[in-house]
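Student: Contents of structure30.txt (compact mmCIF, C-alpha atoms (C1' of nucleotides)):
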# COMPACT_ATOMS: atom_id res chain seq x y z
CA MET A 30 15.31 19.59 -25.81
CA GLU A 31 15.97 17.61 -28.96
CA ILE A 32 15.14 14.50 -27.03
CA PHE A 33 11.82 15.92 -25.98
CA LYS A 34 11.03 16.96 -29.53
CA LYS A 35 11.85 13.48 -30.74
CA TYR A 36 9.66 12.03 -28.03
CA LEU A 37 6.73 14.27 -28.94
CA LYS A 38 7.08 13.58 -32.64
CA ASN A 39 7.01 9.95 -31.80
CA GLN A 40 3.85 10.27 -29.74
CA THR A 41 1.94 12.79 -31.84
CA SER A 42 1.83 14.14 -35.37
CA ILE A 43 3.55 17.37 -34.37
CA THR A 44 5.79 18.97 -37.01
CA ASP A 45 9.05 20.86 -36.54
CA GLU A 46 7.26 24.12 -37.30
CA GLN A 47 4.53 23.46 -34.77
CA PHE A 48 7.07 22.45 -32.19
CA ALA A 49 9.00 25.66 -32.85
CA LEU A 50 5.94 27.66 -31.85
CA LEU A 51 6.09 26.07 -28.43
CA THR A 52 9.78 26.09 -27.66
CA LEU A 53 9.44 29.45 -25.94
CA GLU A 54 7.53 27.69 -23.22
CA LEU A 55 10.20 25.08 -22.63
CA LYS A 56 13.39 25.23 -20.64
CA THR A 57 16.05 22.57 -20.32
CA LYS A 58 17.88 22.36 -17.04
CA LYS A 59 20.48 20.21 -15.42
CA VAL A 60 19.34 18.97 -12.06
CA ALA A 61 21.76 17.61 -9.50
CA ARG A 62 21.08 14.42 -7.63
CA GLY A 63 19.04 15.23 -4.55
CA GLU A 64 17.75 18.53 -5.85
CA THR A 65 14.07 19.16 -5.21
CA LEU A 66 11.91 20.42 -8.07
CA LEU A 67 8.48 20.45 -6.49
CA VAL A 68 7.36 20.75 -2.91
CA ALA A 69 4.04 19.31 -1.77
CA ASN A 70 1.30 21.78 -0.88
CA THR A 71 2.80 24.50 -3.02
CA ARG A 72 1.48 25.57 -6.40
CA THR A 73 3.47 24.94 -9.50
CA LYS A 74 3.23 25.72 -13.16
CA LEU A 75 5.58 23.02 -14.31
CA ILE A 76 5.58 19.46 -15.54
CA TYR A 77 8.90 17.70 -16.01
CA PHE A 78 10.12 15.64 -18.90
CA VAL A 79 13.21 13.60 -18.12
CA CYS A 80 15.77 13.55 -20.95
CA LYS A 81 18.46 11.88 -18.93
CA GLY A 82 18.68 10.66 -15.38
CA LEU A 83 15.93 9.77 -12.96
CA LEU A 84 13.35 11.71 -11.00
CA ARG A 85 10.83 10.51 -8.47
CA SER A 86 7.70 11.78 -6.78
CA TYR A 87 6.85 11.01 -3.19
CA THR A 88 4.70 12.03 -0.24
CA LEU A 89 5.55 12.36 3.42
CA ASP A 90 3.34 10.85 6.11
CA ARG A 91 2.83 12.44 9.52
CA ASN A 92 5.93 10.58 10.79
CA GLY A 93 8.01 12.18 8.09
CA LYS A 94 8.46 8.92 6.24
CA GLU A 95 8.74 9.05 2.46
CA HIS A 96 6.40 7.08 0.24
CA ILE A 97 7.41 6.99 -3.38
CA ILE A 98 4.59 7.44 -5.83
CA GLN A 99 6.44 7.24 -9.11
CA PHE A 100 9.85 6.87 -10.69
CA ALA A 101 10.48 8.81 -13.89
CA PRO A 102 13.48 7.58 -15.88
CA GLU A 103 14.53 8.86 -19.33
CA ALA A 104 11.75 9.67 -21.77
CA SER A 105 9.04 9.95 -19.18
CA LEU A 106 6.96 12.69 -17.63
CA ILE A 107 6.42 13.51 -14.01
CA GLY A 108 4.66 16.28 -12.15
CA ASP A 109 1.31 17.22 -10.69
CA ARG A 110 -0.98 17.96 -13.61
CA ASN A 111 -3.73 18.98 -11.26
CA SER A 112 -1.54 21.59 -9.76
CA VAL A 113 -0.48 22.87 -13.16
CA CYS A 114 -3.82 22.82 -14.96
CA PHE A 115 -6.12 23.80 -12.15
CA ASP A 116 -3.80 25.75 -9.93
CA GLU A 117 -4.22 23.49 -6.94
CA PRO A 118 -1.54 22.80 -4.35
CA ALA A 119 0.68 19.91 -5.33
CA GLN A 120 -0.03 16.50 -3.87
CA PHE A 121 3.56 15.36 -3.70
CA TYR A 122 7.26 16.22 -3.86
CA VAL A 123 9.48 15.71 -6.88
CA ASP A 124 13.24 15.42 -6.69
CA ALA A 125 16.18 13.96 -8.57
CA VAL A 126 17.43 10.47 -7.80
CA GLU A 127 20.33 10.89 -10.21
CA ASP A 128 21.97 13.87 -11.89
CA SER A 129 19.48 14.58 -14.61
CA GLU A 130 18.58 16.66 -17.60
CA VAL A 131 15.03 17.83 -17.43
CA VAL A 132 12.72 19.79 -19.71
CA PHE A 133 10.47 22.14 -17.77
CA ILE A 134 7.05 22.32 -19.39
CA ASN A 135 4.85 25.17 -18.27
CA LYS A 136 1.12 25.64 -18.20
CA LYS A 137 1.15 27.80 -21.30
CA PHE A 138 2.65 24.95 -23.25
CA MET A 139 -0.13 22.67 -22.10
CA ASP A 140 -2.71 25.29 -22.99
CA LEU A 141 -1.28 26.12 -26.41
CA ALA A 142 -0.36 22.65 -27.58
CA PRO A 143 -3.89 21.36 -28.24
CA GLY A 144 -4.54 24.33 -30.54
CA ILE A 145 -1.33 23.81 -32.46
CA CYS A 146 -1.15 20.08 -32.84
CA GLU A 147 -4.46 18.41 -33.54
CA ASP A 148 -3.83 15.15 -31.79
CA PHE A 149 -2.10 16.57 -28.74
CA SER A 150 -5.31 16.27 -26.74
CA THR A 151 -5.64 12.65 -27.68
CA TYR A 152 -2.07 12.05 -26.69
CA ASN A 153 -2.67 13.82 -23.42
CA THR A 154 -5.72 11.78 -22.48
CA LEU A 155 -3.85 8.68 -23.47
CA ARG A 156 -1.09 9.63 -21.06
CA LEU A 157 -3.59 10.32 -18.32
CA ASN A 158 -5.39 7.06 -18.92
CA ASP A 159 -2.14 5.26 -18.82
CA SER A 160 -1.12 6.81 -15.52
CA LEU A 161 -4.50 5.88 -14.14
CA ARG A 162 -4.14 2.33 -15.33
CA HIS A 163 -0.68 2.04 -13.88
CA ILE A 164 -1.62 3.41 -10.51
CA GLN A 165 -4.75 1.29 -10.31
CA GLY A 166 -2.61 -1.74 -10.91
CA ARG A 167 -0.44 -0.70 -8.01
CA LEU A 168 -3.48 -0.15 -5.85
CA SER A 169 -4.64 -3.69 -6.52
CA LEU A 170 -1.23 -5.00 -5.61
CA LEU A 171 -1.08 -3.06 -2.39
CA LEU A 172 -4.54 -4.30 -1.47
CA GLY A 173 -4.01 -7.91 -2.35
CA ALA A 174 -0.41 -8.96 -2.79
CA THR A 175 2.36 -9.85 -0.35
CA ALA A 176 5.66 -7.99 -0.14
CA GLU A 177 7.30 -10.67 -2.25
CA GLU A 178 4.72 -10.48 -5.01
CA ARG A 179 4.92 -6.71 -5.08
CA TYR A 180 8.69 -6.84 -5.37
CA LEU A 181 8.57 -9.33 -8.21
CA ASN A 182 6.02 -7.19 -9.94
CA PHE A 183 8.25 -4.16 -9.52
CA ILE A 184 11.33 -5.67 -11.11
CA ASP A 185 9.10 -7.04 -13.84
CA GLN A 186 7.53 -3.68 -14.60
CA HIS A 187 10.67 -1.60 -14.14
CA PRO A 188 13.42 -3.60 -15.75
CA GLY A 189 16.79 -2.10 -15.04
CA LEU A 190 15.51 0.35 -12.51
CA SER A 191 16.29 -1.90 -9.57
CA LEU A 192 19.97 -1.47 -10.39
CA ARG A 193 19.80 2.33 -10.37
CA VAL A 194 17.72 2.81 -7.27
CA SER A 195 18.66 2.08 -3.68
CA GLN A 196 16.74 -0.61 -1.88
CA ILE A 197 15.57 2.00 0.53
CA MET A 198 13.68 3.64 -2.30
CA ILE A 199 12.38 0.41 -3.72
CA ALA A 200 11.11 -0.50 -0.28
CA SER A 201 9.44 2.86 -0.02
CA TYR A 202 7.82 2.33 -3.39
CA LEU A 203 6.57 -1.10 -2.35
CA GLY A 204 5.27 0.08 0.99
CA ILE A 205 7.61 -2.00 3.14
CA THR A 206 10.75 -1.34 5.19
CA PRO A 207 14.25 -1.77 3.73
CA GLU A 208 14.83 -4.60 6.18
CA SER A 209 11.81 -6.49 4.94
CA LEU A 210 12.90 -5.99 1.36
CA SER A 211 16.32 -7.34 2.23
CA ARG A 212 14.73 -10.47 3.65
CA VAL A 213 12.44 -10.90 0.66
CA ARG A 214 15.46 -10.71 -1.62
CA ARG A 215 17.39 -13.24 0.40
CA LYS A 216 14.48 -15.62 0.28
CA LEU A 217 14.14 -15.21 -3.47
CA ALA A 218 17.88 -15.65 -3.99
CA LYS A 219 17.73 -19.06 -2.35
CA LYS A 220 15.50 -20.37 -5.12
CA MET B 26 -31.28 10.28 -18.71
CA GLU B 27 -32.56 13.67 -17.58
CA ILE B 28 -30.30 13.35 -14.60
CA PHE B 29 -27.30 12.73 -16.78
CA LYS B 30 -28.19 15.69 -18.97
CA LYS B 31 -28.48 17.88 -15.93
CA TYR B 32 -25.16 16.62 -14.70
CA LEU B 33 -23.46 17.33 -18.01
CA LYS B 34 -24.98 20.79 -18.28
CA ASN B 35 -23.65 21.44 -14.87
CA GLN B 36 -20.16 20.31 -15.76
CA THR B 37 -19.90 21.70 -19.28
CA SER B 38 -21.46 24.35 -21.49
CA ILE B 39 -23.45 21.78 -23.44
CA THR B 40 -26.87 22.93 -24.74
CA ASP B 41 -30.08 20.95 -25.08
CA GLU B 42 -29.59 20.85 -28.83
CA GLN B 43 -26.05 19.58 -28.56
CA PHE B 44 -27.09 16.98 -26.06
CA ALA B 45 -29.89 15.84 -28.34
CA LEU B 46 -27.29 15.00 -30.99
CA LEU B 47 -25.74 12.53 -28.60
CA THR B 48 -28.74 10.87 -27.04
CA LEU B 49 -28.66 8.16 -29.67
CA GLU B 50 -25.46 6.92 -28.07
CA LEU B 51 -26.95 6.69 -24.60
CA LYS B 52 -29.09 4.04 -23.01
CA THR B 53 -30.66 4.08 -19.59
CA LYS B 54 -30.99 0.77 -17.83
CA LYS B 55 -32.14 -0.52 -14.51
CA VAL B 56 -29.55 -2.71 -12.93
CA ALA B 57 -30.41 -5.10 -10.12
CA ARG B 58 -28.28 -5.35 -7.03
CA GLY B 59 -25.53 -7.85 -7.63
CA GLU B 60 -25.72 -7.62 -11.39
CA THR B 61 -22.35 -7.47 -13.13
CA LEU B 62 -21.81 -4.86 -15.84
CA LEU B 63 -18.20 -5.39 -16.69
CA VAL B 64 -15.93 -8.41 -16.39
CA ALA B 65 -12.18 -7.99 -16.02
CA ASN B 66 -10.03 -9.01 -18.98
CA THR B 67 -12.87 -8.54 -21.42
CA ARG B 68 -13.23 -5.63 -23.80
CA THR B 69 -16.01 -3.17 -23.35
CA LYS B 70 -17.36 -0.16 -25.14
CA LEU B 71 -19.20 1.30 -22.20
CA ILE B 72 -18.74 3.76 -19.40
CA TYR B 73 -21.42 3.99 -16.74
CA PHE B 74 -23.06 7.02 -15.24
CA VAL B 75 -25.01 6.30 -12.07
CA CYS B 76 -28.33 8.17 -11.87
CA LYS B 77 -29.54 6.32 -8.84
CA GLY B 78 -28.10 3.58 -6.70
CA LEU B 79 -24.53 2.50 -6.26
CA LEU B 80 -21.97 0.69 -8.38
CA ARG B 81 -18.47 -0.43 -7.56
CA SER B 82 -15.37 -1.61 -9.37
CA TYR B 83 -13.08 -4.28 -8.02
CA THR B 84 -10.33 -6.71 -8.89
CA LEU B 85 -9.82 -10.31 -7.85
CA ASP B 86 -6.46 -11.52 -6.57
CA ARG B 87 -5.13 -15.02 -7.22
CA ASN B 88 -6.94 -16.25 -4.07
CA GLY B 89 -10.22 -15.02 -5.46
CA LYS B 90 -10.47 -12.23 -2.93
CA GLU B 91 -12.17 -9.01 -4.01
CA HIS B 92 -10.39 -5.67 -3.75
CA ILE B 93 -12.63 -2.70 -4.28
CA ILE B 94 -11.12 0.04 -6.43
CA GLN B 95 -13.96 2.54 -6.45
CA PHE B 96 -17.50 3.19 -5.29
CA ALA B 97 -19.76 5.12 -7.66
CA PRO B 98 -22.88 6.57 -6.03
CA GLU B 99 -25.41 8.85 -7.71
CA ALA B 100 -24.05 11.43 -10.12
CA SER B 101 -20.75 9.74 -10.68
CA LEU B 102 -19.03 7.85 -13.45
CA ILE B 103 -17.39 4.46 -13.38
CA GLY B 104 -15.85 2.21 -15.97
CA ASP B 105 -12.56 1.42 -17.63
CA ARG B 106 -11.78 4.32 -19.94
CA ASN B 107 -8.72 2.56 -21.22
CA SER B 108 -10.78 -0.34 -22.31
CA VAL B 109 -13.31 1.92 -23.98
CA CYS B 110 -11.00 4.39 -25.67
CA PHE B 111 -8.15 2.14 -26.63
CA ASP B 112 -9.89 -1.19 -26.89
CA GLU B 113 -7.84 -2.86 -24.23
CA PRO B 114 -9.07 -5.59 -21.90
CA ALA B 115 -10.67 -4.20 -18.78
CA GLN B 116 -8.61 -4.01 -15.63
CA PHE B 117 -11.46 -4.65 -13.22
CA TYR B 118 -15.02 -5.78 -12.65
CA VAL B 119 -18.00 -3.49 -12.23
CA ASP B 120 -21.21 -4.53 -10.52
CA ALA B 121 -24.17 -3.07 -8.67
CA VAL B 122 -24.10 -2.74 -4.89
CA GLU B 123 -27.70 -1.52 -4.86
CA ASP B 124 -30.54 -1.61 -7.36
CA SER B 125 -29.52 1.20 -9.67
CA GLU B 126 -30.38 3.27 -12.67
CA VAL B 127 -27.45 3.60 -14.98
CA VAL B 128 -26.74 5.48 -18.19
CA PHE B 129 -24.62 3.43 -20.56
CA ILE B 130 -22.23 5.70 -22.45
CA ASN B 131 -20.57 4.18 -25.48
CA LYS B 132 -17.34 4.93 -27.26
CA LYS B 133 -19.10 6.83 -30.02
CA PHE B 134 -20.44 9.26 -27.45
CA MET B 135 -16.96 9.85 -26.14
CA ASP B 136 -15.64 10.31 -29.68
CA LEU B 137 -18.41 12.64 -30.82
CA ALA B 138 -18.79 14.79 -27.73
CA PRO B 139 -15.56 16.78 -28.05
CA GLY B 140 -16.61 17.85 -31.55
CA ILE B 141 -20.06 18.92 -30.43
CA CYS B 142 -19.39 20.63 -27.15
CA GLU B 143 -16.28 22.76 -27.09
CA ASP B 144 -15.34 22.27 -23.47
CA PHE B 145 -16.10 18.58 -23.28
CA SER B 146 -12.43 17.77 -23.65
CA THR B 147 -11.54 20.07 -20.83
CA TYR B 148 -14.20 18.48 -18.69
CA ASN B 149 -12.92 15.06 -19.59
CA THR B 150 -9.31 15.80 -18.66
CA LEU B 151 -10.53 17.38 -15.48
CA ARG B 152 -12.34 14.16 -14.62
CA LEU B 153 -9.28 12.12 -15.41
CA ASN B 154 -7.05 14.36 -13.38
CA ASP B 155 -9.45 14.14 -10.54
CA SER B 156 -9.52 10.35 -10.62
CA LEU B 157 -5.76 10.35 -10.68
CA ARG B 158 -5.60 12.69 -7.73
CA HIS B 159 -8.06 10.61 -5.78
CA ILE B 160 -6.34 7.35 -6.42
CA GLN B 161 -2.93 8.80 -5.64
CA GLY B 162 -4.28 9.95 -2.33
CA ARG B 163 -5.40 6.41 -1.65
CA LEU B 164 -2.03 5.08 -2.66
CA SER B 165 -0.33 7.35 -0.15
CA LEU B 166 -2.70 6.18 2.55
CA LEU B 167 -2.13 2.53 1.79
CA LEU B 168 1.61 3.09 1.86
CA GLY B 169 1.74 5.13 4.99
CA ALA B 170 -1.38 5.00 7.13
CA THR B 171 -2.72 2.46 9.63
CA ALA B 172 -6.04 0.70 9.25
CA GLU B 173 -7.63 3.17 11.64
CA GLU B 174 -6.42 6.21 9.74
CA ARG B 175 -7.57 4.75 6.47
CA TYR B 176 -11.00 4.07 7.89
CA LEU B 177 -11.33 7.58 9.27
CA ASN B 178 -10.25 8.96 5.94
CA PHE B 179 -12.86 6.82 4.20
CA ILE B 180 -15.81 8.01 6.24
CA ASP B 181 -14.50 11.53 5.86
CA GLN B 182 -14.22 11.32 2.09
CA HIS B 183 -17.37 9.30 1.54
CA PRO B 184 -19.93 10.78 3.89
CA GLY B 185 -23.04 8.68 4.02
CA LEU B 186 -21.56 5.83 2.06
CA SER B 187 -20.60 3.89 5.15
CA LEU B 188 -24.29 3.49 5.91
CA ARG B 189 -25.11 2.07 2.50
CA VAL B 190 -22.21 -0.33 2.13
CA SER B 191 -21.52 -3.49 4.11
CA GLN B 192 -18.46 -3.51 6.31
CA ILE B 193 -17.17 -6.36 4.24
CA MET B 194 -16.97 -4.00 1.29
CA ILE B 195 -15.52 -1.15 3.28
CA ALA B 196 -12.87 -3.52 4.58
CA SER B 197 -12.14 -4.63 1.05
CA TYR B 198 -11.81 -0.99 -0.01
CA LEU B 199 -9.45 -0.27 2.86
CA GLY B 200 -7.35 -3.34 2.27
CA ILE B 201 -8.09 -5.04 5.58
CA THR B 202 -10.27 -7.94 6.73
CA PRO B 203 -13.85 -7.40 7.97
CA GLU B 204 -12.76 -8.61 11.40
CA SER B 205 -10.04 -6.01 11.60
CA LEU B 206 -12.47 -3.31 10.58
CA SER B 207 -14.86 -4.45 13.27
CA ARG B 208 -12.12 -4.09 15.86
CA VAL B 209 -11.08 -0.70 14.56
CA ARG B 210 -14.67 0.47 14.87
CA ARG B 211 -15.01 -0.84 18.38
CA LYS B 212 -11.84 0.92 19.39
CA LEU B 213 -13.05 4.18 17.87
CA ALA B 214 -16.48 3.84 19.48
CA LYS B 215 -14.88 3.75 22.90
CA LYS B 216 -13.58 7.27 22.47
C1' DC C 7 -39.99 -20.68 11.78
C1' DG C 8 -35.46 -21.65 9.84
C1' DT C 9 -31.70 -20.40 7.02
C1' DG C 10 -27.82 -17.71 5.61
C1' DG C 11 -25.29 -13.61 5.48
C1' DA C 12 -23.44 -9.82 8.34
C1' DG C 13 -21.14 -8.38 12.22
C1' DT C 14 -18.75 -9.28 16.58
C1' DT C 15 -15.53 -11.42 19.63
C1' DG C 16 -11.79 -14.51 21.16
C1' DA C 17 -7.47 -17.25 20.63
C1' DA C 18 -3.69 -18.52 18.03
C1' DT C 19 -0.79 -17.30 14.29
C1' DA C 20 1.95 -14.92 10.80
C1' DC C 21 3.89 -11.23 8.60
C1' DG C 22 6.16 -7.23 8.59
C1' DA C 23 7.93 -3.39 11.71
C1' DT C 24 11.11 -1.94 14.93
C1' DC C 25 15.39 -1.75 17.28
C1' DA C 26 20.04 -2.86 17.39
C1' DA C 27 24.41 -4.54 15.76
C1' DC C 28 27.53 -5.17 12.19
C1' DA C 29 29.91 -5.67 7.49
C1' DC C 30 30.84 -3.21 3.50
C1' DC C 31 31.91 0.42 0.42
C1' DG C 32 33.13 5.10 -1.35
C1' DG C 33 34.56 9.39 -0.31
C1' DT C 34 37.07 12.86 2.60
C1' DG C 35 40.57 14.80 4.97
C1' DG C 36 44.42 14.35 8.16
C1' DC D 25 48.25 6.14 2.57
C1' DC D 26 45.35 5.29 5.98
C1' DA D 27 41.85 6.51 9.37
C1' DC D 28 37.49 7.96 9.63
C1' DC D 29 32.89 8.69 8.45
C1' DG D 30 28.15 8.27 6.70
C1' DG D 31 25.17 5.76 4.08
C1' DT D 32 23.65 1.23 2.46
C1' DG D 33 22.45 -3.32 3.06
C1' DT D 34 22.27 -7.48 5.96
C1' DT D 35 21.00 -10.17 9.91
C1' DG D 36 19.09 -11.29 14.48
C1' DA D 37 15.72 -10.67 18.29
C1' DT D 38 11.66 -8.86 19.73
C1' DC D 39 7.33 -6.65 19.23
C1' DG D 40 2.85 -5.29 17.31
C1' DT D 41 -0.68 -5.14 14.06
C1' DA D 42 -3.58 -7.43 11.28
C1' DT D 43 -4.86 -12.26 9.67
C1' DT D 44 -6.85 -16.53 10.24
C1' DC D 45 -9.97 -19.69 12.14
C1' DA D 46 -13.74 -20.51 14.93
C1' DA D 47 -17.82 -19.67 17.55
C1' DC D 48 -21.67 -16.97 18.44
C1' DT D 49 -25.49 -13.33 17.92
C1' DC D 50 -28.47 -10.86 15.29
C1' DC D 51 -31.44 -9.87 11.72
C1' DA D 52 -33.63 -9.92 7.11
C1' DC D 53 -35.89 -12.76 4.15
C1' DG D 54 -37.64 -16.80 2.37
Is it possible to express this structure as structure tokens?

Tutor:
Amino acid sequence: MEIFKKYLKNQTSITDEQFALLTLELKTKKVARGETLLVANTRTKLIYFVCKGLLRSYTLDRNGKEHIIQFAPEASLIGDRNSVCFDEPAQFYVDAVEDSEVVFINKKFMDLAPGICEDFSTYNTLRLNDSLRHIQGRLSLLLGATAEERYLNFIDQHPGLSLRVSQIMIASYLGITPESLSRVRRKLAKK
Amino acid sequence: MEIFKKYLKNQTSITDEQFALLTLELKTKKVARGETLLVANTRTKLIYFVCKGLLRSYTLDRNGKEHIIQFAPEASLIGDRNSVCFDEPAQFYVDAVEDSEVVFINKKFMDLAPGICEDFSTYNTLRLNDSLRHIQGRLSLLLGATAEERYLNFIDQHPGLSLRVSQIMIASYLGITPESLSRVRRKLAKK
DNA sequence: CGTGGAGTTGAATACGATCAACACCGGTGG
DNA sequence: CCACCGGTGTTGATCGTATTCAACTCCACG
């Protein structure tokens, strides 16, 4: 909770008093590795802030194969804003890659915050824009880059993460099989 | 311009008077097919609303191959919000697929609007969320679906567009070669 | 007309997927 | 303590899908 407050104060001009008005809408929970927080096609009222640990979001294709959309390490947000803000069914699953500490942020928080902290809206659009930017970058890569380039881009953009995440998950994130990733890594190691 | 006003009135609670306050920040222009509105890695202060015609955004990979990010037909918006709002270099190119009529929306408009029309912010986040949702859907497809599935999804999600856009562009949007698309289509036609 | 881009088709190729086998490690329980 | 197990990662062989390169048709447009 303190970590989230610190994060928010860093990102916005929110004061301790303003934050106090919102704490009712927040809950901190420990989440065990493997625990699922959000199931696709269900409705949710929660966004997750990761204080410690690592969450991920992913979809399942008709063959039941996972495709990782996003990793959320410490000090990052994850969740389906559409589902929260507009009460639509969630587009993806969210679960814990590591034992984690997570702040659950509900819709009321998102509704109240802009009225309490003047630049919360700005912060929020900034976050959205940033997500959009990030995911568009990935789209470009998937459209135009080879497995090797995508892998290099991943370790570049997610320093440290490659040590915490299994290659199965990295492969899923890159859109290739674990075997292919293994071969890409071997080839790169030779250089 | 009238079309844009109509669109905005449809999406928000904006009044004629409120809109009038903002018209100074808008310019309508005719854009010829092939004309480029935005060049990647440059800064821009403009977002584009398409009244008539068709725009697209795309990136170039290191081989100079185009990868289409988005099509923007009538009554839709396109542009790099990040570049506009946070003065960052644009992530992609924007040009005209057809002769078009476009409303140029500048940063000042985006800054003023929330103060003039109370639910403009809400509308704006809704748009952003929607883009995010759309692009995440595409990401899932690229990660998990075959060329055929992606094509079927495209014609499903963009009814009519497949008649206005060359197969070269559709292929680029789907992340396959025009030849592959041709074969996919032949295979589907046989059914 | 003739030219050039769009779309199709074929043949050869390449890249990644699939299937299968195996080494390795960490944890569990006999 | 060791045997066993499941999951991870590696490697090899084979397969399949999409790419590449090339040739050809068709049409719109000058």

Student: Kindly provide, as an mmCIF file with C-alpha atoms, keeping the file's coordinate frame, the residues of chain B having any atom no farther than 9 Å from an atom of chain D, counting only C-alpha atoms (C1' of nucleotides).

Tutor:
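Writing the result to selection_32.cif gives the following:
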data_model
loop_
_atom_site.group_PDB
_atom_site.id
_atom_site.type_symbol
_atom_site.label_atom_id
_atom_site.label_comp_id
_atom_site.auth_asym_id
_atom_site.auth_seq_id
_atom_site.Cartn_x
_atom_site.Cartn_y
_atom_site.Cartn_z
ATOM 1 C CA ALA B 172 -6.040 0.700 9.250
ATOM 2 C CA ILE B 201 -8.090 -5.040 5.580
ATOM 3 C CA THR B 202 -10.270 -7.940 6.730
ATOM 4 C CA GLU B 204 -12.760 -8.610 11.400
ATOM 5 C CA SER B 205 -10.040 -6.010 11.600
#

Student: Please identify every residue of segment 116-176 of chain B that has at least one atom no farther than 12 Å from an atom of segment 123-145 of chain A, counting only C-alpha atoms, and for each give the shortest atom pair and the distance in Å to one decimal, arranged by chain then increasing number, as JSON lines.

Tutor:
{"residue": "B:Ser146", "atom": "CA", "partner": "A:Pro143", "partner_atom": "CA", "distance": 10.3}
{"residue": "B:Thr147", "atom": "CA", "partner": "A:Asp140", "partner_atom": "CA", "distance": 10.5}
{"residue": "B:Thr150", "atom": "CA", "partner": "A:Met139", "partner_atom": "CA", "distance": 12.0}

Student: Would you write out those residues with C-alpha atoms, as a CSV table (one decimal), in the frame of the given file?

Tutor:
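Now in selection.csv:
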chain,number,residue,atom,x,y,z
B,146,SER,CA,-12.4,17.8,-23.6
B,147,THR,CA,-11.5,20.1,-20.8
B,150,THR,CA,-9.3,15.8,-18.7

Student: How far is it from atom CA of Ser86 of chain A to atom CA of Ile98 of chain A, in Å with one decimal?

Tutor: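 Taking atom CA of Ser86 of chain A as the start and atom CA of Ile98 of chain A as the end point, the length is 5.4 Å.
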
Student: Between B:Gln192, B:Gln182, B:Thr171, B:Gln161, which residue has the minimum interatomic distance to chain A, considering only C-alpha atoms?

Tutor: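 Ranking B:Gln192, B:Gln182, B:Thr171, B:Gln161 by distance to chain A, first place goes to B:Gln161.
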
Student: Please report the interatomic distance between atom CA of Leu51 of chain B and atom CA of Lys70 of chain B in Å with one decimal.

Tutor: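 These atoms are spaced 11.8 Å apart.
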
Student: Can you measure atom CA of Thr69 of chain B to atom CA of Glu113 of chain B for me? One decimal in Å is fine.

Tutor: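 Separation between atom CA of Thr69 of chain B and atom CA of Glu113 of chain B: 8.2 Å.
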